[in-house]
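Enquirer: Structure supplied as query-v5.cif; contents: mmCIF, C-alpha atoms.
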data_coords
#
loop_
_atom_site.label_atom_id
_atom_site.label_comp_id
_atom_site.auth_asym_id
_atom_site.auth_seq_id
_atom_site.Cartn_x
_atom_site.Cartn_y
_atom_site.Cartn_z
CA MET I 1 -142.33 110.49 -5.66
CA ARG I 2 -139.43 112.92 -5.26
CA SER I 3 -139.63 112.72 -1.51
CA THR I 4 -139.53 108.90 -1.74
CA LEU I 5 -136.38 108.99 -3.88
CA ALA I 6 -134.75 111.50 -1.58
CA SER I 7 -135.46 109.40 1.51
CA ALA I 8 -134.10 106.29 -0.24
CA GLN I 9 -130.87 108.07 -1.09
CA LYS I 10 -130.49 109.22 2.47
CA ALA I 11 -131.07 105.73 3.83
CA ALA I 12 -128.53 104.16 1.47
CA VAL I 13 -125.58 105.89 3.11
CA ARG I 14 -125.58 105.94 6.89
CA ILE I 15 -121.96 106.57 7.77
CA PRO I 16 -121.75 108.76 10.84
CA LYS I 17 -119.86 112.01 10.59
CA GLY I 18 -116.22 111.93 11.54
CA PHE I 19 -115.98 108.13 11.13
CA VAL I 20 -112.47 106.86 10.39
CA PHE I 21 -112.23 103.66 8.36
CA PRO I 22 -109.87 101.01 9.81
CA VAL I 23 -106.55 100.57 8.02
CA PRO I 24 -104.82 97.17 8.21
CA LYS I 25 -101.41 97.13 9.83
CA VAL I 26 -98.48 96.86 7.48
CA LYS I 27 -96.47 93.80 8.51
CA SER I 28 -92.75 93.98 7.94
CA ALA I 29 -91.12 91.00 6.28
CA PRO I 30 -89.44 88.64 8.74
CA LYS I 31 -85.67 88.83 8.87
CA VAL I 32 -83.93 85.64 7.82
CA SER I 33 -80.23 85.03 8.26
CA ASP I 34 -78.16 84.49 5.15
CA THR I 35 -76.97 81.12 6.36
CA HIS I 36 -80.40 79.63 6.99
CA PRO I 37 -80.45 76.00 5.79
CA LEU I 38 -83.73 76.48 3.94
CA TRP I 39 -81.90 78.67 1.44
CA ASN I 40 -80.68 75.37 -0.02
CA PHE I 41 -84.10 75.08 -1.66
CA PHE I 42 -83.35 78.12 -3.83
CA ARG I 43 -80.63 78.76 -6.37
CA ASP I 44 -78.78 81.95 -5.46
CA LYS I 45 -81.71 82.82 -3.18
CA GLN I 46 -83.99 83.48 -6.15
CA ALA I 47 -87.46 82.01 -6.28
CA LEU I 48 -87.28 81.67 -10.06
CA PRO I 49 -83.92 81.99 -11.79
CA PRO I 50 -83.83 83.04 -15.46
CA PRO I 51 -85.10 80.27 -17.76
CA SER I 52 -82.07 80.60 -20.02
CA GLU I 53 -79.81 79.73 -17.11
CA GLU I 54 -81.99 76.80 -16.07
CA ALA I 55 -81.85 75.38 -19.59
CA LYS I 56 -78.09 74.86 -19.32
CA PHE I 57 -77.38 71.49 -17.80
CA GLY I 58 -75.39 68.42 -18.68
CA ARG I 59 -76.37 64.82 -19.12
CA ALA I 60 -76.95 62.20 -16.47
CA TRP I 61 -74.17 60.01 -15.10
CA ALA I 62 -73.70 56.71 -16.86
CA ALA I 63 -73.42 53.51 -14.87
CA GLU I 64 -69.92 52.83 -16.20
CA GLU I 65 -68.73 56.18 -14.89
CA LEU I 66 -70.21 55.50 -11.47
CA ARG I 67 -68.60 52.08 -11.25
CA TRP I 68 -65.27 53.78 -10.65
CA LYS I 69 -66.61 55.80 -7.71
CA SER I 70 -66.26 54.82 -4.09
CA PHE I 71 -69.16 54.25 -1.72
CA ASN I 72 -68.59 57.62 -0.09
CA ASP I 73 -68.68 59.35 -3.46
CA LEU I 74 -71.90 57.58 -4.40
CA HIS I 75 -73.39 58.50 -1.04
CA GLY I 76 -72.50 62.16 -1.49
CA LEU I 77 -73.69 62.20 -5.08
CA TRP I 78 -77.02 60.72 -4.02
CA TYR I 79 -77.55 63.50 -1.50
CA ASN I 80 -76.55 66.15 -4.02
CA CYS I 81 -79.15 64.70 -6.38
CA LEU I 82 -81.74 64.95 -3.62
CA ARG I 83 -80.83 68.58 -3.06
CA GLU I 84 -81.11 69.33 -6.76
CA LYS I 85 -84.47 67.58 -6.89
CA ASN I 86 -85.78 69.55 -3.93
CA LEU I 87 -84.60 72.74 -5.57
CA LEU I 88 -86.34 71.91 -8.84
CA PHE I 89 -89.58 70.93 -7.12
CA THR I 90 -89.51 74.18 -5.17
CA GLN I 91 -89.26 76.06 -8.44
CA ARG I 92 -92.17 74.11 -9.88
CA ALA I 93 -94.30 74.85 -6.84
CA GLU I 94 -93.54 78.54 -7.28
CA MET I 95 -94.46 78.35 -10.96
CA LYS I 96 -97.73 76.67 -10.10
CA ARG I 97 -98.47 79.32 -7.51
CA LEU I 98 -97.90 82.02 -10.12
CA GLN I 99 -99.87 79.97 -12.69
CA LEU I 100 -96.94 79.81 -15.09
CA THR I 101 -96.25 77.10 -17.62
CA ILE I 102 -93.50 74.73 -16.49
CA PRO I 103 -90.87 74.78 -19.24
CA LYS I 104 -89.52 71.68 -20.92
CA ALA I 105 -86.05 72.31 -19.56
CA SER I 106 -87.30 71.85 -16.01
CA ASN I 107 -88.81 68.48 -16.85
CA GLU I 108 -85.68 67.38 -18.67
CA ARG I 109 -83.55 68.46 -15.74
CA VAL I 110 -85.64 66.37 -13.36
CA LEU I 111 -85.38 63.42 -15.74
CA ALA I 112 -81.60 63.73 -15.84
CA VAL I 113 -81.40 63.78 -12.05
CA ASN I 114 -83.68 60.75 -11.86
CA LYS I 115 -81.48 58.90 -14.34
CA THR I 116 -78.42 59.63 -12.24
CA MET I 117 -80.15 58.32 -9.13
CA ALA I 118 -81.26 55.21 -10.99
CA ALA I 119 -77.68 54.65 -12.15
CA ILE I 120 -76.45 54.93 -8.57
CA LYS I 121 -78.96 52.32 -7.44
CA PHE I 122 -77.99 50.05 -10.32
CA VAL I 123 -74.29 50.25 -9.50
CA LEU I 124 -74.93 49.48 -5.84
CA TRP I 125 -77.14 46.52 -6.77
CA GLU I 126 -74.47 45.28 -9.15
CA ARG I 127 -71.82 45.41 -6.45
CA GLN I 128 -74.06 43.60 -4.01
CA ARG I 129 -74.79 40.89 -6.56
CA ALA I 130 -71.11 40.49 -7.42
CA TYR I 131 -70.16 40.33 -3.76
CA THR I 132 -72.67 37.61 -2.93
CA SER I 133 -71.70 35.60 -6.01
CA ALA I 134 -68.02 35.91 -5.17
CA LYS I 135 -68.72 34.68 -1.65
CA GLN I 136 -70.42 31.59 -3.05
CA LEU I 137 -67.54 31.04 -5.45
CA GLU I 138 -65.09 31.27 -2.59
CA LYS I 139 -67.01 28.61 -0.68
CA GLN I 140 -67.03 26.32 -3.71
CA LYS I 141 -63.34 26.74 -4.43
CA GLY I 142 -62.49 26.40 -0.76
CA SER I 143 -64.40 23.13 -0.45
CA SER I 144 -63.03 21.64 -3.68
CA MET W 145 -130.43 36.91 -18.95
CA HIS W 146 -127.83 39.08 -17.32
CA GLN W 147 -129.33 41.30 -14.71
CA SER W 148 -127.99 44.65 -13.74
CA LEU W 149 -125.43 44.59 -10.96
CA LEU W 150 -127.47 47.19 -9.15
CA CYS W 151 -129.92 44.41 -8.27
CA PHE W 152 -127.20 42.78 -6.20
CA GLY W 153 -126.23 45.93 -4.36
CA ALA W 154 -122.97 46.48 -6.20
CA ARG W 155 -120.71 49.25 -5.01
CA ARG W 156 -118.10 51.17 -6.94
CA LEU W 157 -116.68 53.09 -4.03
CA PRO W 158 -113.77 52.38 -1.70
CA MET W 159 -114.57 50.18 1.26
CA THR W 160 -115.18 51.74 4.62
CA THR W 161 -114.63 50.20 8.02
CA LYS W 162 -118.38 49.60 8.30
CA LEU W 163 -118.50 47.10 5.47
CA GLY W 164 -115.91 44.38 5.84
CA HIS W 165 -115.49 41.79 8.54
CA GLN W 166 -112.55 42.87 10.69
CA TYR W 167 -111.51 45.36 8.02
CA TYR W 168 -108.91 47.73 9.47
CA LYS W 169 -108.26 50.59 7.09
CA GLY W 170 -105.38 52.16 8.99
CA THR W 171 -103.81 55.57 8.83
CA ARG W 172 -100.56 54.71 6.96
CA THR W 173 -98.45 56.05 9.78
CA GLY W 174 -96.62 52.90 10.80
CA LYS W 175 -95.71 51.84 14.30
CA MET W 176 -92.60 53.00 16.08
CA GLY W 177 -93.28 52.03 19.66
CA GLN W 178 -95.83 50.95 22.21
CA LYS W 179 -98.20 52.72 24.53
CA THR W 180 -97.80 52.06 28.22
CA ARG W 181 -100.53 51.45 30.76
CA HIS W 182 -99.90 54.81 32.40
CA GLY W 183 -100.39 56.88 29.27
CA GLY W 184 -96.76 57.02 28.19
CA PHE W 185 -95.09 55.87 25.02
CA LEU W 186 -92.07 53.62 24.67
CA VAL W 187 -90.11 54.32 21.49
CA GLN W 188 -88.51 51.36 19.76
CA TRP W 189 -85.53 53.01 18.16
CA SER W 190 -84.96 50.06 15.86
CA ARG W 191 -88.21 50.94 14.12
CA VAL W 192 -87.61 54.67 13.85
CA ARG W 193 -86.53 55.65 10.36
CA THR W 194 -83.11 57.25 10.25
CA PHE W 195 -81.04 58.90 7.56
CA VAL W 196 -77.27 58.91 7.38
CA PRO W 197 -76.05 62.02 5.57
CA PRO W 198 -72.62 61.86 3.94
CA SER W 199 -69.72 63.17 5.99
CA GLY W 200 -68.24 66.28 4.47
CA ASP W 201 -69.26 67.99 1.25
CA CYS W 202 -69.22 65.97 -1.93
CA GLU W 203 -68.03 67.72 -5.04
CA LEU W 204 -69.91 65.47 -7.45
CA LEU W 205 -73.00 67.06 -8.97
CA PRO W 206 -75.99 65.39 -10.61
CA PHE W 207 -74.98 66.43 -14.13
CA VAL W 208 -72.02 65.60 -16.32
CA SER W 209 -70.83 67.80 -19.16
CA ARG W 210 -72.26 66.79 -22.51
CA ARG W 211 -68.80 67.02 -24.05
CA ILE W 212 -67.68 63.98 -22.06
CA GLN W 213 -68.83 60.81 -23.74
CA ALA W 214 -69.77 57.84 -21.60
CA THR W 215 -67.35 54.96 -22.04
CA LYS W 216 -68.15 51.28 -22.05
CA GLY W 217 -66.48 48.96 -19.62
CA THR W 218 -64.40 45.97 -20.63
CA TYR W 219 -64.96 42.60 -19.02
CA PRO W 220 -63.49 39.16 -19.65
CA GLU W 221 -65.31 36.91 -22.07
CA GLY W 222 -68.36 35.15 -20.75
CA ALA W 223 -68.79 37.59 -17.89
CA ASN W 224 -72.24 38.97 -17.20
CA GLY W 225 -70.99 42.44 -16.44
CA LEU W 226 -69.58 42.77 -12.95
CA ASP W 227 -70.51 39.32 -11.72
CA GLY W 228 -69.14 37.03 -9.05
CA ALA W 229 -66.27 35.60 -11.08
CA VAL W 230 -64.99 39.03 -12.05
CA TYR W 231 -65.31 40.20 -8.47
CA PHE W 232 -63.52 37.09 -7.21
CA ASP W 233 -60.61 37.59 -9.62
CA LEU W 234 -60.38 41.26 -8.73
CA ALA W 235 -60.33 40.46 -5.04
CA HIS W 236 -57.62 37.82 -5.42
CA SER W 237 -55.42 39.66 -7.90
#
For the file at hand, write its structure as structure tokens.
Expert:
Amino acid sequence: MRSTLASAQKAAVRIPKGFVFPVPKVKSAPKVSDTHPLWNFFRDKQALPPPSEEAKFGRAWAAEELRWKSFNDLHGLWYNCLREKNLLFTQRAEMKRLQLTIPKASNERVLAVNKTMAAIKFVLWERQRAYTSAKQLEKQKGSS
Amino acid sequence: MHQSLLCFGARRLPMTTKLGHQYYKGTRTGKMGQKTRHGGFLVQWSRVRTFVPPSGDCELLPFVSRRIQATKGTYPEGANGLDGAVYFDLAHS
């Protein structure tokens, strides 16, 4: 019995003498320039800014305020909204990766951005409608 | 007597291309050109989706300070917001 146990213990470990276990290579982080365009997806180059800072945001634009803006301003504002949206979605993806709870402020921020974009679309639709109606009016008044 | 739908071979799964007559399921990629006889590809640039970014940086941001209250616009009586008549008068004033 003892000899059986001893032989089993010997058979369990069969590492040859002087064997060196392989060590994985340590990969250095890739160097990224400070002006890389993908940094636009992060606020101040942080994956997750402090929640207290993210909770500070204003309200969405109202349609009446956007009516006074030019087409170029609306165009630029639309793209800034897209950038903000991309930034927020990047943060949410990071939170999901880390299995964190997405705070309410993040959802409210996205809602505010969506409202601003909806207001931009509404104002553009309104101008288009007014323009087509005015064209028809001009034809009527011109003919009469 | 209402028999079970299983007797009629009912399916509750999405259709495959093996089931329907001339059912093309597609790949949702669209079409932006044509293949040539010699293995090439002719791009129809009118069908390629393009984006026009704004020229220069815009200072407007998606949020407005909560201290600023949104105002309501004033329109002449009978106007349905910014409609054709209002636009016409603005254009001719």
Enquirer: Find the residues of chain W in contact range of chain I, meaning any atom within 7 Å when counting only C-alpha atoms, and list them as a list in words.
Expert: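 Here is what falls inside 7 Å: Pro198, Cys202, Leu204, Leu205, Pro206, Phe207, Val208, Ser209, Arg210, Ala214, Thr215, Lys216, Gly217, Leu226, Asp227, Gly228, Ala229, Tyr231 and Phe232 of chain W.
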Enquirer: Box along x, y and z, 5 Å on every side, all listed atoms of range 181-195 of chain W inside: centre and edge lengths in Å to one decimal, as JSON.
Expert:
{"center_x": -90.8, "center_y": 54.5, "center_z": 20.0, "size_x": 29.5, "size_y": 18.8, "size_z": 34.8}
Enquirer: Quick check on the file I pasted: which residues fall under the PyMOL selection byres ((chain I and resi 103) around 12)? Write them as a list in words.
Expert: Pro50, Pro51, Ser52, Glu54, Ala55, Leu88, Gln91, Arg92, Met95, Lys96, Leu100, Thr101, Ile102, Lys104, Ala105, Ser106, Asn107, Glu108, Arg109 and Val110 of chain I
Enquirer: Using the selection just defined, write its residues with C-alpha atoms as a short mmCIF file (atom, residue, chain, number, x, y, z; two decimals), in the coordinates of the input.
Expert:
data_model
loop_
_atom_site.label_atom_id
_atom_site.label_comp_id
_atom_site.auth_asym_id
_atom_site.auth_seq_id
_atom_site.Cartn_x
_atom_site.Cartn_y
_atom_site.Cartn_z
CA PRO I 50 -83.83 83.04 -15.46
CA PRO I 51 -85.10 80.27 -17.76
CA SER I 52 -82.07 80.60 -20.02
CA GLU I 54 -81.99 76.80 -16.07
CA ALA I 55 -81.85 75.38 -19.59
CA LEU I 88 -86.34 71.91 -8.84
CA GLN I 91 -89.26 76.06 -8.44
CA ARG I 92 -92.17 74.11 -9.88
CA MET I 95 -94.46 78.35 -10.96
CA LYS I 96 -97.73 76.67 -10.10
CA LEU I 100 -96.94 79.81 -15.09
CA THR I 101 -96.25 77.10 -17.62
CA ILE I 102 -93.50 74.73 -16.49
CA LYS I 104 -89.52 71.68 -20.92
CA ALA I 105 -86.05 72.31 -19.56
CA SER I 106 -87.30 71.85 -16.01
CA ASN I 107 -88.81 68.48 -16.85
CA GLU I 108 -85.68 67.38 -18.67
CA ARG I 109 -83.55 68.46 -15.74
CA VAL I 110 -85.64 66.37 -13.36
#
Enquirer: Given all atoms listed in the file as the basis, pick out the residue of W:Thr160, W:Thr173, W:Thr180, W:Gln166 nearest to Val192 in chain W.
Expert: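 Of the candidates, the smallest distance to Val192 in chain W is held by W:Thr173.
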Enquirer: Report, in Å to a single decimal, how far apart CA of Ser70 in chain I and CA of His236 in chain W are.
Expert: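 CA of His236 in chain W sits 19.1 Å away from CA of Ser70 in chain I.
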Enquirer: Would you work out the distance separating CA of Ala12 in chain I from CA of Lys25 in chain I, expressed in Å to one decimal?
Expert: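 Computing it gives 29.2 Å between the two atoms.
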Enquirer: Using only C-alpha atoms, which residue out of I:Leu5, I:Val23, I:Ala93, I:Ala118 lies closest to Phe42 in chain I?
Expert: I:Ala93
Enquirer: Work out how far apart CA of Ala119 in chain I and CA of Gly225 in chain W are and give it in Å to one decimal.
Expert: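 Result for CA of Ala119 in chain I versus CA of Gly225 in chain W: 14.6 Å, one decimal.
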Enquirer: Regenerate range 97-108 of chain I at the level of all heavy atoms and dump it as a tab-separated table (two decimals), keeping the file's coordinate frame.
Expert:
chain	number	residue	atom	x	y	z
I	97	ARG	N	-97.82	78.27	-8.30
I	97	ARG	CA	-98.47	79.32	-7.51
I	97	ARG	C	-98.72	80.54	-8.38
I	97	ARG	O	-99.77	81.18	-8.28
I	97	ARG	CB	-97.58	79.68	-6.33
I	97	ARG	CG	-98.22	80.61	-5.33
I	97	ARG	CD	-97.28	80.90	-4.18
I	97	ARG	NE	-96.21	81.81	-4.56
I	97	ARG	CZ	-96.34	83.13	-4.56
I	97	ARG	NH1	-97.48	83.68	-4.21
I	97	ARG	NH2	-95.33	83.89	-4.90
I	98	LEU	N	-97.76	80.85	-9.25
I	98	LEU	CA	-97.90	82.02	-10.12
I	98	LEU	C	-98.66	81.68	-11.40
I	98	LEU	O	-98.78	82.54	-12.28
I	98	LEU	CB	-96.51	82.55	-10.49
I	98	LEU	CG	-95.66	83.04	-9.32
I	98	LEU	CD1	-94.27	83.39	-9.79
I	98	LEU	CD2	-96.31	84.23	-8.66
I	99	GLN	N	-99.12	80.43	-11.51
I	99	GLN	CA	-99.87	79.97	-12.69
I	99	GLN	C	-99.07	80.14	-13.97
I	99	GLN	O	-99.57	80.60	-14.98
I	99	GLN	CB	-101.20	80.71	-12.80
I	99	GLN	CG	-102.12	80.42	-11.63
I	99	GLN	CD	-103.46	81.09	-11.77
I	99	GLN	OE1	-103.85	81.47	-12.85
I	99	GLN	NE2	-104.16	81.23	-10.67
I	100	LEU	N	-97.79	79.77	-13.90
I	100	LEU	CA	-96.94	79.81	-15.09
I	100	LEU	C	-96.83	78.42	-15.69
I	100	LEU	O	-97.05	77.43	-15.01
I	100	LEU	CB	-95.54	80.31	-14.72
I	100	LEU	CG	-95.45	81.70	-14.11
I	100	LEU	CD1	-94.03	81.97	-13.67
I	100	LEU	CD2	-95.89	82.74	-15.10
I	101	THR	N	-96.47	78.38	-16.96
I	101	THR	CA	-96.25	77.10	-17.62
I	101	THR	C	-94.87	76.59	-17.25
I	101	THR	O	-93.89	77.32	-17.32
I	101	THR	CB	-96.34	77.26	-19.14
I	101	THR	OG1	-97.61	77.82	-19.45
I	101	THR	CG2	-96.20	75.92	-19.82
I	102	ILE	N	-94.80	75.31	-16.84
I	102	ILE	CA	-93.50	74.73	-16.49
I	102	ILE	C	-92.76	74.43	-17.79
I	102	ILE	O	-93.26	73.70	-18.63
I	102	ILE	CB	-93.69	73.46	-15.66
I	102	ILE	CG1	-94.36	73.81	-14.33
I	102	ILE	CG2	-92.36	72.78	-15.41
I	102	ILE	CD1	-94.70	72.63	-13.49
I	103	PRO	N	-91.56	75.00	-17.96
I	103	PRO	CA	-90.87	74.78	-19.24
I	103	PRO	C	-90.35	73.36	-19.38
I	103	PRO	O	-90.26	72.60	-18.42
I	103	PRO	CB	-89.70	75.79	-19.17
I	103	PRO	CG	-89.49	76.01	-17.73
I	103	PRO	CD	-90.81	75.88	-17.07
I	104	LYS	N	-90.03	73.02	-20.63
I	104	LYS	CA	-89.52	71.68	-20.92
I	104	LYS	C	-88.19	71.42	-20.23
I	104	LYS	O	-87.90	70.30	-19.82
I	104	LYS	CB	-89.35	71.51	-22.43
I	104	LYS	CG	-90.51	70.85	-23.11
I	104	LYS	CD	-90.14	70.54	-24.55
I	104	LYS	CE	-91.27	69.84	-25.26
I	104	LYS	NZ	-90.92	69.51	-26.65
I	105	ALA	N	-87.38	72.48	-20.14
I	105	ALA	CA	-86.05	72.31	-19.56
I	105	ALA	C	-86.14	71.81	-18.13
I	105	ALA	O	-85.33	71.00	-17.68
I	105	ALA	CB	-85.29	73.63	-19.62
I	106	SER	N	-87.16	72.29	-17.39
I	106	SER	CA	-87.30	71.85	-16.01
I	106	SER	C	-87.60	70.36	-15.96
I	106	SER	O	-87.03	69.62	-15.15
I	106	SER	CB	-88.42	72.64	-15.34
I	106	SER	OG	-88.55	72.27	-14.00
I	107	ASN	N	-88.50	69.90	-16.83
I	107	ASN	CA	-88.81	68.48	-16.85
I	107	ASN	C	-87.60	67.65	-17.24
I	107	ASN	O	-87.33	66.60	-16.65
I	107	ASN	CB	-89.94	68.22	-17.85
I	107	ASN	CG	-91.27	68.76	-17.35
I	107	ASN	OD1	-91.51	68.78	-16.15
I	107	ASN	ND2	-92.11	69.19	-18.25
I	108	GLU	N	-86.85	68.13	-18.23
I	108	GLU	CA	-85.68	67.38	-18.67
I	108	GLU	C	-84.63	67.34	-17.58
I	108	GLU	O	-83.92	66.34	-17.41
I	108	GLU	CB	-85.12	68.00	-19.94
I	108	GLU	CG	-85.98	67.72	-21.16
I	108	GLU	CD	-85.57	68.53	-22.36
I	108	GLU	OE1	-84.58	69.27	-22.27
I	108	GLU	OE2	-86.25	68.44	-23.40
